[in-house]
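Data file: start27.txt. Format and content: compact mmCIF, C-alpha atoms.
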# COMPACT_ATOMS: atom_id res chain seq x y z
CA MET Y 1 -23.32 12.01 3.14
CA TYR Y 2 -26.01 10.40 5.30
CA TRP Y 3 -24.80 10.47 8.89
CA THR Y 4 -25.93 8.07 11.57
CA VAL Y 5 -25.57 8.55 15.31
CA PRO Y 6 -23.04 5.69 15.79
CA THR Y 7 -20.75 6.93 12.99
CA ALA Y 8 -20.97 10.49 14.31
CA VAL Y 9 -20.03 9.25 17.78
CA VAL Y 10 -17.03 7.35 16.35
CA PHE Y 11 -15.69 10.40 14.51
CA VAL Y 12 -16.33 12.77 17.43
CA VAL Y 13 -14.49 10.39 19.78
CA LEU Y 14 -11.60 10.14 17.29
CA GLY Y 15 -11.45 13.92 17.04
CA LEU Y 16 -11.48 14.29 20.81
CA ILE Y 17 -8.72 11.68 21.16
CA LEU Y 18 -6.54 13.55 18.64
CA ALA Y 19 -7.22 16.90 20.32
CA GLY Y 20 -6.49 15.38 23.74
CA MET Y 21 -3.24 13.83 22.49
CA THR Y 22 -2.17 17.20 21.08
CA VAL Y 23 -2.80 18.96 24.39
CA TRP Y 24 -1.06 16.15 26.27
CA GLU Y 25 1.97 16.37 23.97
CA LEU Y 26 2.18 20.15 24.39
CA ARG Y 27 2.02 19.90 28.18
CA ALA Y 28 4.21 16.82 28.60
CA PRO Y 29 6.38 16.14 25.53
CA ASP Y 30 6.95 12.46 24.96
CA LEU Y 31 10.13 10.48 24.27
CA ALA Y 32 10.22 7.30 22.23
CA ARG Y 33 10.51 4.16 24.35
CA ARG Y 34 10.55 0.42 23.93
CA GLY Y 35 7.77 -1.72 25.36
CA TRP Y 36 6.71 -5.21 24.30
CA LEU Y 37 6.47 -4.09 20.69
CA PRO Y 38 9.75 -4.79 18.86
CA ILE Y 39 10.23 -1.13 17.86
CA LEU Y 40 10.77 2.21 19.56
CA THR Y 41 7.39 3.91 19.81
CA THR Y 42 6.14 7.33 20.73
CA ARG Y 43 2.75 7.97 22.29
CA GLY Y 44 1.36 8.80 18.83
CA ASP Y 45 2.71 5.53 17.40
CA ARG Y 46 1.02 3.54 20.16
CA LEU Y 47 -2.24 5.43 19.61
CA PHE Y 48 -2.13 4.60 15.88
CA LEU Y 49 -1.26 0.95 16.50
CA GLY Y 50 -3.93 0.77 19.19
CA LEU Y 51 -6.60 2.12 16.84
CA VAL Y 52 -5.54 -0.28 14.09
CA SER Y 53 -5.71 -3.11 16.65
CA VAL Y 54 -9.22 -2.00 17.60
CA ALA Y 55 -10.28 -2.20 13.94
CA VAL Y 56 -8.66 -5.62 13.47
CA ALA Y 57 -10.17 -7.00 16.70
CA ASN Y 58 -13.66 -5.79 15.78
CA LEU Y 59 -13.42 -7.17 12.24
CA ALA Y 60 -12.11 -10.50 13.50
CA TRP Y 61 -15.01 -10.66 15.97
CA THR Y 62 -17.49 -9.89 13.20
CA GLY Y 63 -15.98 -12.34 10.75
CA LEU Y 64 -15.38 -15.23 13.11
CA THR Y 65 -18.25 -15.16 15.62
CA ASP Y 66 -21.98 -14.61 15.73
CA VAL Y 67 -21.82 -13.18 19.24
CA SER Y 68 -23.03 -9.60 19.82
CA GLN Y 69 -20.61 -6.92 18.57
CA TRP Y 70 -20.47 -5.46 22.09
CA GLY Y 71 -18.21 -8.41 22.90
CA GLY Y 72 -15.88 -7.35 20.08
CA LEU Y 73 -15.88 -3.80 21.39
CA ALA Y 74 -14.96 -5.01 24.89
CA VAL Y 75 -12.09 -7.13 23.52
CA SER Y 76 -10.86 -4.26 21.35
CA VAL Y 77 -10.82 -1.86 24.33
CA VAL Y 78 -8.64 -4.34 26.24
CA VAL Y 79 -6.35 -4.72 23.19
CA PHE Y 80 -6.11 -0.94 22.83
CA ALA Y 81 -5.19 -0.56 26.51
CA ILE Y 82 -2.48 -3.23 26.22
CA VAL Y 83 -0.96 -1.65 23.11
CA PHE Y 84 -1.18 1.93 24.35
CA ARG Y 85 0.03 1.33 27.92
CA TRP Y 86 2.64 -1.39 27.51
CA GLY Y 87 3.39 -1.42 23.77
CA MET B 1 10.30 37.38 29.83
CA SER B 2 14.02 38.10 30.14
CA PRO B 3 15.39 40.62 27.64
CA HIS B 4 17.56 37.89 26.02
CA ALA B 5 14.79 35.32 25.61
CA LYS B 6 13.68 34.63 22.04
CA PRO B 7 10.06 35.66 21.38
CA ARG B 8 7.92 32.60 20.74
CA ASN B 9 6.07 32.80 17.43
CA GLU B 10 3.47 30.18 16.60
CA ARG B 11 2.24 31.82 13.40
CA ALA B 12 4.11 29.29 11.28
CA TRP B 13 1.36 26.83 12.17
CA PHE B 14 -0.87 28.72 9.70
CA LEU B 15 1.36 27.39 6.93
CA VAL B 16 0.03 23.92 7.72
CA LEU B 17 -3.55 25.01 7.04
CA PRO B 18 -3.51 24.35 3.25
CA VAL B 19 -2.36 20.79 3.92
CA CYS B 20 -5.14 20.35 6.48
CA VAL B 21 -7.74 21.56 3.97
CA LEU B 22 -6.29 19.32 1.25
CA VAL B 23 -6.26 16.25 3.50
CA ALA B 24 -9.82 17.02 4.63
CA PHE B 25 -11.16 17.09 1.07
CA ASN B 26 -8.89 14.39 -0.27
CA ALA B 27 -9.05 11.85 2.54
CA LEU B 28 -11.16 12.71 5.53
CA ILE B 29 -14.49 13.54 3.89
CA PRO B 30 -14.38 10.54 1.50
CA LEU B 31 -13.45 8.33 4.45
CA MET B 32 -16.39 9.64 6.48
CA THR B 33 -18.69 9.05 3.52
CA VAL B 34 -17.50 5.48 3.09
CA VAL B 35 -17.84 4.77 6.82
CA ASN B 36 -21.41 6.11 6.78
CA TYR B 37 -22.35 4.06 3.71
CA SER B 38 -20.83 0.93 5.24
CA VAL B 39 -23.35 0.82 8.09
CA GLN B 40 -26.48 1.63 6.07
CA ASP B 41 -28.58 0.03 3.41
CA ILE B 42 -29.35 2.97 1.13
CA VAL B 43 -32.35 2.06 -0.99
CA SER B 44 -32.98 5.59 -2.25
CA PRO B 45 -32.01 9.10 -1.06
CA ASP B 46 -35.08 9.17 1.18
CA GLN B 47 -35.04 5.57 2.24
CA ARG B 48 -32.13 4.18 4.20
CA VAL B 49 -31.79 1.69 7.00
CA PHE B 50 -29.06 1.41 9.63
CA VAL B 51 -27.70 -2.14 9.47
CA GLY B 52 -24.71 -1.92 11.82
CA TRP B 53 -22.01 -4.51 11.10
CA GLU B 54 -24.10 -6.57 8.65
CA TRP B 55 -22.21 -5.51 5.52
CA PHE B 56 -18.89 -6.24 7.19
CA LYS B 57 -20.14 -9.67 8.24
CA SER B 58 -21.39 -10.38 4.74
CA VAL B 59 -18.13 -9.24 3.09
CA LEU B 60 -15.85 -11.05 5.55
CA ARG B 61 -17.71 -14.33 4.96
CA ASP B 62 -17.88 -13.98 1.18
CA PRO B 63 -15.96 -16.88 -0.47
CA GLU B 64 -15.44 -14.82 -3.63
CA LEU B 65 -13.71 -12.16 -1.59
CA HIS B 66 -11.49 -14.77 0.07
CA ALA B 67 -10.54 -16.08 -3.36
CA ALA B 68 -9.86 -12.58 -4.70
CA PHE B 69 -7.75 -11.79 -1.62
CA GLY B 70 -5.73 -14.99 -2.13
CA ARG B 71 -5.13 -14.13 -5.78
CA GLN B 72 -4.15 -10.60 -4.83
CA VAL B 73 -1.59 -11.69 -2.24
CA LEU B 74 -0.18 -14.29 -4.63
CA PHE B 75 0.08 -11.71 -7.41
CA SER B 76 1.88 -9.19 -5.17
CA VAL B 77 4.31 -11.84 -3.89
CA VAL B 78 5.05 -13.14 -7.40
CA VAL B 79 5.66 -9.72 -8.97
CA LEU B 80 7.81 -8.59 -6.04
CA ALA B 81 9.82 -11.81 -6.19
CA ILE B 82 10.51 -11.23 -9.89
CA GLU B 83 10.78 -7.46 -10.18
CA LEU B 84 13.16 -6.75 -7.29
CA PRO B 85 15.94 -9.23 -8.17
CA LEU B 86 15.50 -8.52 -11.87
CA GLY B 87 15.56 -4.73 -11.38
CA LEU B 88 18.61 -4.97 -9.15
CA SER B 89 20.42 -7.24 -11.62
CA VAL B 90 19.73 -4.89 -14.53
CA ALA B 91 20.87 -1.89 -12.48
CA LEU B 92 24.12 -3.68 -11.61
CA CYS B 93 24.73 -4.33 -15.33
CA LEU B 94 24.26 -0.68 -16.32
CA PRO B 95 27.45 1.24 -17.05
CA ARG B 96 28.64 3.49 -14.26
CA GLY B 97 31.34 5.99 -15.15
CA PRO B 98 33.91 6.65 -12.43
CA GLY B 99 33.35 10.37 -12.26
CA GLY B 100 29.78 10.73 -13.40
CA SER B 101 27.28 9.67 -16.02
CA THR B 102 28.31 8.24 -19.37
CA TRP B 103 26.24 8.64 -22.52
CA GLN B 104 25.71 4.88 -22.60
CA ALA B 105 24.22 4.99 -19.09
CA SER B 106 21.94 7.89 -20.03
CA LEU B 107 20.76 6.09 -23.16
CA CYS B 108 20.12 2.86 -21.24
CA THR B 109 18.14 4.58 -18.46
CA VAL B 110 15.98 6.44 -21.00
CA LEU B 111 15.24 3.23 -22.91
CA ILE B 112 14.56 1.26 -19.73
CA ALA B 113 12.27 3.95 -18.34
CA MET B 114 10.03 4.03 -21.41
CA PRO B 115 7.40 1.53 -20.16
CA LEU B 116 6.85 3.79 -17.14
CA LEU B 117 5.61 6.53 -19.46
CA VAL B 118 2.86 4.38 -20.96
CA PRO B 119 -0.59 4.96 -19.39
CA TRP B 120 -1.99 1.94 -17.55
CA ASN B 121 -4.95 1.35 -19.85
CA VAL B 122 -2.66 1.56 -22.88
CA VAL B 123 -0.37 -1.04 -21.28
CA GLY B 124 -3.35 -3.40 -21.08
CA THR B 125 -4.26 -2.74 -24.70
CA ILE B 126 -0.67 -3.20 -25.91
CA TRP B 127 -0.46 -6.57 -24.20
CA GLN B 128 -3.91 -7.56 -25.36
CA VAL B 129 -2.75 -7.15 -28.94
CA PHE B 130 0.76 -8.53 -28.26
CA ALA B 131 -0.63 -11.73 -26.72
CA ARG B 132 -3.08 -12.49 -29.54
CA THR B 133 -2.14 -15.61 -31.43
CA ASP B 134 -3.32 -14.30 -34.82
CA ILE B 135 -1.86 -10.78 -35.00
CA GLY B 136 0.21 -10.41 -31.82
CA LEU B 137 3.95 -11.03 -31.88
CA GLY B 138 4.12 -12.72 -28.46
CA GLY B 139 1.12 -15.00 -28.99
CA ALA B 140 2.16 -15.91 -32.52
CA VAL B 141 5.72 -16.77 -31.48
CA LEU B 142 4.47 -18.99 -28.64
CA THR B 143 2.10 -20.75 -31.04
CA LYS B 144 4.93 -21.27 -33.56
CA LEU B 145 7.02 -22.78 -30.77
CA GLY B 146 4.29 -25.36 -30.24
CA VAL B 147 2.68 -23.88 -27.11
CA ASP B 148 -1.10 -24.10 -27.17
CA TYR B 149 -1.26 -20.55 -25.85
CA ASN B 150 -4.58 -18.82 -25.23
CA TYR B 151 -4.75 -16.31 -22.42
CA ALA B 152 -8.49 -15.83 -22.89
CA LEU B 153 -9.29 -19.47 -22.13
CA ASP B 154 -6.48 -20.84 -19.99
CA PRO B 155 -6.16 -19.43 -16.43
CA VAL B 156 -2.44 -20.29 -16.24
CA HIS B 157 -1.75 -18.46 -19.49
CA ALA B 158 -3.85 -15.51 -18.32
CA TRP B 159 -1.92 -15.36 -15.05
CA GLY B 160 1.41 -15.63 -16.84
CA THR B 161 0.48 -12.85 -19.25
CA VAL B 162 -0.69 -10.52 -16.45
CA VAL B 163 2.48 -11.17 -14.44
CA VAL B 164 4.79 -10.66 -17.44
CA MET B 165 2.90 -7.48 -18.33
CA ASP B 166 3.38 -6.13 -14.80
CA VAL B 167 7.06 -7.10 -14.83
CA TRP B 168 7.52 -5.32 -18.18
CA HIS B 169 5.70 -2.24 -16.89
CA TRP B 170 7.21 -1.84 -13.43
CA THR B 171 10.67 -3.43 -13.32
CA PRO B 172 12.09 -0.18 -14.81
CA LEU B 173 11.06 1.62 -11.63
CA VAL B 174 13.13 -0.79 -9.54
CA VAL B 175 16.02 -0.44 -12.01
CA LEU B 176 15.98 3.35 -11.75
CA LEU B 177 15.79 3.28 -7.94
CA CYS B 178 18.65 0.78 -7.65
CA TYR B 179 20.73 2.59 -10.24
CA ALA B 180 20.33 5.87 -8.37
CA GLY B 181 21.32 4.06 -5.16
CA LEU B 182 24.39 2.52 -6.83
CA ARG B 183 25.46 5.88 -8.24
CA ALA B 184 25.33 7.35 -4.74
CA ILE B 185 27.97 4.93 -3.39
CA PRO B 186 31.28 6.83 -3.09
CA GLU B 187 34.18 5.58 -5.18
CA THR B 188 36.33 5.30 -2.06
CA TYR B 189 34.32 2.23 -0.98
CA TYR B 190 35.25 0.43 -4.18
CA GLY B 191 38.84 1.63 -3.84
CA ALA B 192 39.07 0.18 -0.32
CA ALA B 193 37.55 -3.10 -1.53
CA ALA B 194 40.11 -3.28 -4.36
CA VAL B 195 42.96 -2.73 -1.88
CA ASP B 196 41.57 -5.59 0.24
CA GLY B 197 41.32 -7.81 -2.84
CA ALA B 198 37.55 -8.28 -2.41
CA SER B 199 35.75 -10.42 -4.98
CA ARG B 200 32.85 -9.06 -7.06
CA TRP B 201 30.43 -11.00 -4.88
CA ALA B 202 31.99 -9.55 -1.68
CA VAL B 203 31.68 -6.03 -3.08
CA PHE B 204 28.01 -6.66 -3.82
CA ARG B 205 27.28 -8.39 -0.50
CA TYR B 206 29.16 -6.06 1.86
CA ILE B 207 29.15 -2.69 0.07
CA GLU B 208 26.42 -2.41 -2.53
CA LEU B 209 23.60 -4.37 -0.91
CA PRO B 210 23.80 -2.60 2.50
CA ARG B 211 24.01 0.78 0.79
CA LEU B 212 20.96 -0.10 -1.32
CA SER B 213 18.77 -1.16 1.62
CA GLY B 214 17.01 2.22 1.69
CA VAL B 215 16.08 2.30 -1.99
CA LEU B 216 15.17 -1.38 -1.95
CA THR B 217 12.77 -0.73 0.95
CA ILE B 218 11.21 2.11 -1.04
CA GLY B 219 11.03 -0.19 -4.07
CA VAL B 220 9.30 -2.94 -2.08
CA LEU B 221 6.86 -0.42 -0.58
CA LEU B 222 5.99 1.18 -3.92
CA ARG B 223 5.66 -2.09 -5.78
CA PHE B 224 3.66 -3.76 -3.03
CA MET B 225 1.22 -0.85 -2.86
CA ASP B 226 0.85 -0.65 -6.64
CA SER B 227 0.48 -4.38 -7.13
CA PHE B 228 -1.97 -4.70 -4.24
CA VAL B 229 -4.33 -2.15 -5.80
CA ILE B 230 -3.79 -3.16 -9.43
CA TYR B 231 -6.92 -2.68 -11.51
CA THR B 232 -6.59 -1.19 -14.98
CA GLU B 233 -4.07 -3.46 -16.69
CA PRO B 234 -5.68 -6.85 -15.90
CA PHE B 235 -9.13 -5.36 -16.43
CA VAL B 236 -8.21 -4.28 -19.96
CA LEU B 237 -6.16 -7.41 -20.73
CA THR B 238 -8.34 -10.22 -19.38
CA GLY B 239 -11.40 -8.54 -17.87
CA GLY B 240 -10.75 -10.63 -14.75
CA GLY B 241 -11.09 -13.91 -16.61
CA PRO B 242 -11.16 -16.60 -17.70
CA GLY B 243 -13.84 -17.17 -15.09
CA SER B 244 -12.57 -15.08 -12.23
CA SER B 245 -8.99 -16.36 -12.31
CA THR B 246 -7.46 -12.88 -12.69
CA THR B 247 -10.08 -10.94 -10.73
CA PHE B 248 -8.15 -9.09 -8.08
CA LEU B 249 -9.50 -7.14 -5.12
CA SER B 250 -9.93 -3.79 -6.90
CA GLN B 251 -11.89 -5.38 -9.71
CA HIS B 252 -14.06 -7.30 -7.26
CA LEU B 253 -14.67 -4.02 -5.45
CA SER B 254 -15.55 -2.12 -8.61
CA THR B 255 -17.96 -4.90 -9.60
CA LEU B 256 -19.74 -4.44 -6.27
CA ALA B 257 -19.72 -0.64 -6.31
CA VAL B 258 -20.24 0.20 -9.98
CA GLY B 259 -21.56 -3.00 -11.51
CA GLN B 260 -24.07 -3.96 -8.85
CA PHE B 261 -24.33 -0.51 -7.20
CA ASP B 262 -24.20 -2.31 -3.85
CA LEU B 263 -22.77 0.69 -2.00
CA GLY B 264 -23.10 -0.73 1.52
CA ARG B 265 -21.11 -3.88 0.82
CA ALA B 266 -18.66 -2.00 -1.40
CA SER B 267 -18.01 0.54 1.39
CA ALA B 268 -17.48 -2.18 3.98
CA PHE B 269 -15.15 -3.92 1.52
CA SER B 270 -13.23 -0.66 0.92
CA LEU B 271 -12.62 -0.18 4.62
CA ILE B 272 -11.45 -3.77 5.06
CA TYR B 273 -9.23 -3.40 1.96
CA PHE B 274 -7.79 -0.18 3.39
CA LEU B 275 -6.64 -1.87 6.61
CA PRO B 276 -3.84 -4.15 5.29
CA ILE B 277 -2.56 -1.28 3.13
CA LEU B 278 -2.44 0.97 6.19
CA ILE B 279 -0.62 -1.67 8.23
CA VAL B 280 1.94 -2.41 5.52
CA CYS B 281 2.55 1.34 5.03
CA TYR B 282 3.22 1.72 8.74
CA VAL B 283 5.58 -1.27 8.81
CA PHE B 284 7.59 0.09 5.89
CA TYR B 285 7.61 3.60 7.29
CA THR B 286 8.94 2.19 10.55
CA LEU B 287 11.60 0.21 8.72
CA MET B 288 12.66 3.25 6.71
CA THR B 289 12.95 5.48 9.78
CA ARG B 290 14.37 2.93 12.21
CA GLU B 291 17.85 4.47 12.23
CA GLU B 292 16.41 7.91 12.83
CA ARG B 293 14.28 6.54 15.66
CA SER B 294 17.10 4.73 17.39

Show me the file's structure as C-alpha cells.
Amino acid sequence: MYWTVPTAVVFVVLGLILAGMTVWELRAPDLARRGWLPILTTRGDRLFLGLVSVAVANLAWTGLTDVSQWGGLAVSVVVFAIVFRWG
Amino acid sequence: MSPHAKPRNERAWFLVLPVCVLVAFNALIPLMTVVNYSVQDIVSPDQRVFVGWEWFKSVLRDPELHAAFGRQVLFSVVVLAIELPLGLSVALCLPRGPGGSTWQASLCTVLIAMPLLVPWNVVGTIWQVFARTDIGLGGAVLTKLGVDYNYALDPVHAWGTVVVMDVWHWTPLVVLLCYAGLRAIPETYYGAAAVDGASRWAVFRYIELPRLSGVLTIGVLLRFMDSFVIYTEPFVLTGGGPGSSTTFLSQHLSTLAVGQFDLGRASAFSLIYFLPILIVCYVFYTLMTREERS
C-alpha cells in the first residue's frame, strides 16, 4: 500500500472523529431524536449520514464542475454541519 | 463504592477484539489500499504520481460508465419487479399444514430451493447451453415457435435471457423467505378472519402482507444488493455483449482493473460504486429497525 500525505490525513481525521465520538458517548450518552431528517437519529447516525453527504458533495463537485476541489470541500463541510447539527 | 453496588467489569470488551481484527483485515485495509490507489497514478512500484481527484473526474465523466450504471439500475429494478411478486405468489400457493409442515410442503421447498445450490458460474454455463438454438432446449423451442432468437446477436434477446436466468436463480430465495414468514403467522389470525367472514384478498391484504413486511424488506435488500453487483452469470452467458448491452458495473470495473490494469481509475470507480450500496444498505437497515427506534 503506497500511502500519500492527503490519504493519511483523511484516515487519521476519521480515526480521531471515531475516537472522539466514543469518548463523547461515554461521557454524555445520547438519545435518539428527530431533526429535519424524516427518521429518528442518534449522534452516530448523523455522523454516518454527514460523512456520506461529504462524499456525495465532493463527488458531485468533481463530476459537475471544473472549479478547484477546495470549493467542494467547503460545501461538504457546510453540508456535514447541517446534517450533524440539525439532522 | 457502596457495599451493595455491582462491580463494573469492562473485560467483556475484549470479546469484541476478534471482530475488530477481522473487520480490519477484511474491510479496513482493503479500503485504505483502494483509497490510496485512487489518488495516484502507479506506473511501477518505484514510480508513482499523486493525481488528486483526477481519476474520480475521469470516471464520473465517462459515458461508458454512465451507460453501465443505467443498465445496472434498470436490471436491478426489472429483476426486483419480477422476483418479489413472483416469489410471494409461489409462497402463497405452497401448502401450509395447520399444525406444522406437510410432506408436500417439504418436497416443494426442496425442489424450489435447488437453483440456489448451483454455483454462479455453473448457472451461466447452464443457461448458455439452454439458450443455444442448435442444442439448447430453450433456444430450440423458441426457434420452433417461429421466434428468430439469438441471444449472442440481439441485445433484447440477451437482456431477456439474462433477466430470466436471474429470475430462475434467485426467485427461490424470495419464495423461501416469504414461506417462512407465512408459516410464522399464528393460526388465530386466520381464525379471527374466518369469524369475520373476510375474503381471501382481505386476509392477504390485512393479515399476510403486513406480517410479511419484515421478510419482504430483507428480500428487497438481499436481491437489490446481489443484482447490483451481479458479475459472474452475465459474464459467462453473454460476456457483456452483444456490444456492451449486458455489461453491468462489475464487469466494467473488472475490465478496468484486470483487463486494462488501470488501477487508479478502477479504484476511483470502486469507491464511487461503493457509495450507492452503502446508502441503500443504510436506508434498508433504518427501515428494518424503525419500530425498534421509535

**Report entry** Two-atom distance - atom CA of Val79 of chain Y, atom CA of Ser53 of chain Y (Å)
**Finding:** 6.8 Å

Requested in this report: May I have the residues of chain B within 8 Å of chain Y, counting all atoms listed in the file, written as a list in words?
Outcome: Thr33, Val35, Asn36, Tyr37, Phe50, Trp53, Phe56, Lys57, Leu60, Arg61, Leu275, Ile279, Arg293 and Ser294 of chain B

Query raised in the report: Between atom CA of Leu86 of chain B and atom CA of Leu278 of chain B, what is the spacing in Å?
Result: 27.2 Å

**Report entry** For Arg46 of chain Y: contacts at 8 Å, all atoms listed in the file, fewer than 6 positions along chain excluded, given as a list in words
**Finding:** Val83, Phe84 and Gly87 of chain Y

Just write the chosen residues, C-alpha atoms, as a short mmCIF file (atom, residue, chain, number, x, y, z; two decimals), in the frame of the given file.
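Writing the result to result05.cif gives the following:
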data_model
loop_
_atom_site.label_atom_id
_atom_site.label_comp_id
_atom_site.auth_asym_id
_atom_site.auth_seq_id
_atom_site.Cartn_x
_atom_site.Cartn_y
_atom_site.Cartn_z
CA VAL Y 83 -0.96 -1.65 23.11
CA PHE Y 84 -1.18 1.93 24.35
CA GLY Y 87 3.39 -1.42 23.77
#

Query raised in the report: Hey, what's within 8 Å of segment 237-247 of chain B if we count all atoms listed in the file and toss same-chain stuff fewer than 5 positions away? As a count of residues only, please?
Result: 15

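Excluding Leu271 of chain B and any residue on its chain fewer than 2 positions from it, the residues at most 9 Å away by all atoms listed in the file are Leu31, Val34, Val35, Ser38, Ala266, Ser267, Ala268, Phe269, Tyr273, Phe274 and Leu275 of chain B.
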
Query raised in the report: Hey, what's within 12 Å of Phe204 of chain B if we count all atoms listed in the file and toss same-chain stuff fewer than 6 positions away? As a list in words, please?
Result: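 These residues fall inside the cut-off: Leu88, Ser89, Leu92, Leu182, Ile185, Tyr189, Tyr190, Ala193, Ala198, Pro210, Arg211 and Leu212 of chain B.
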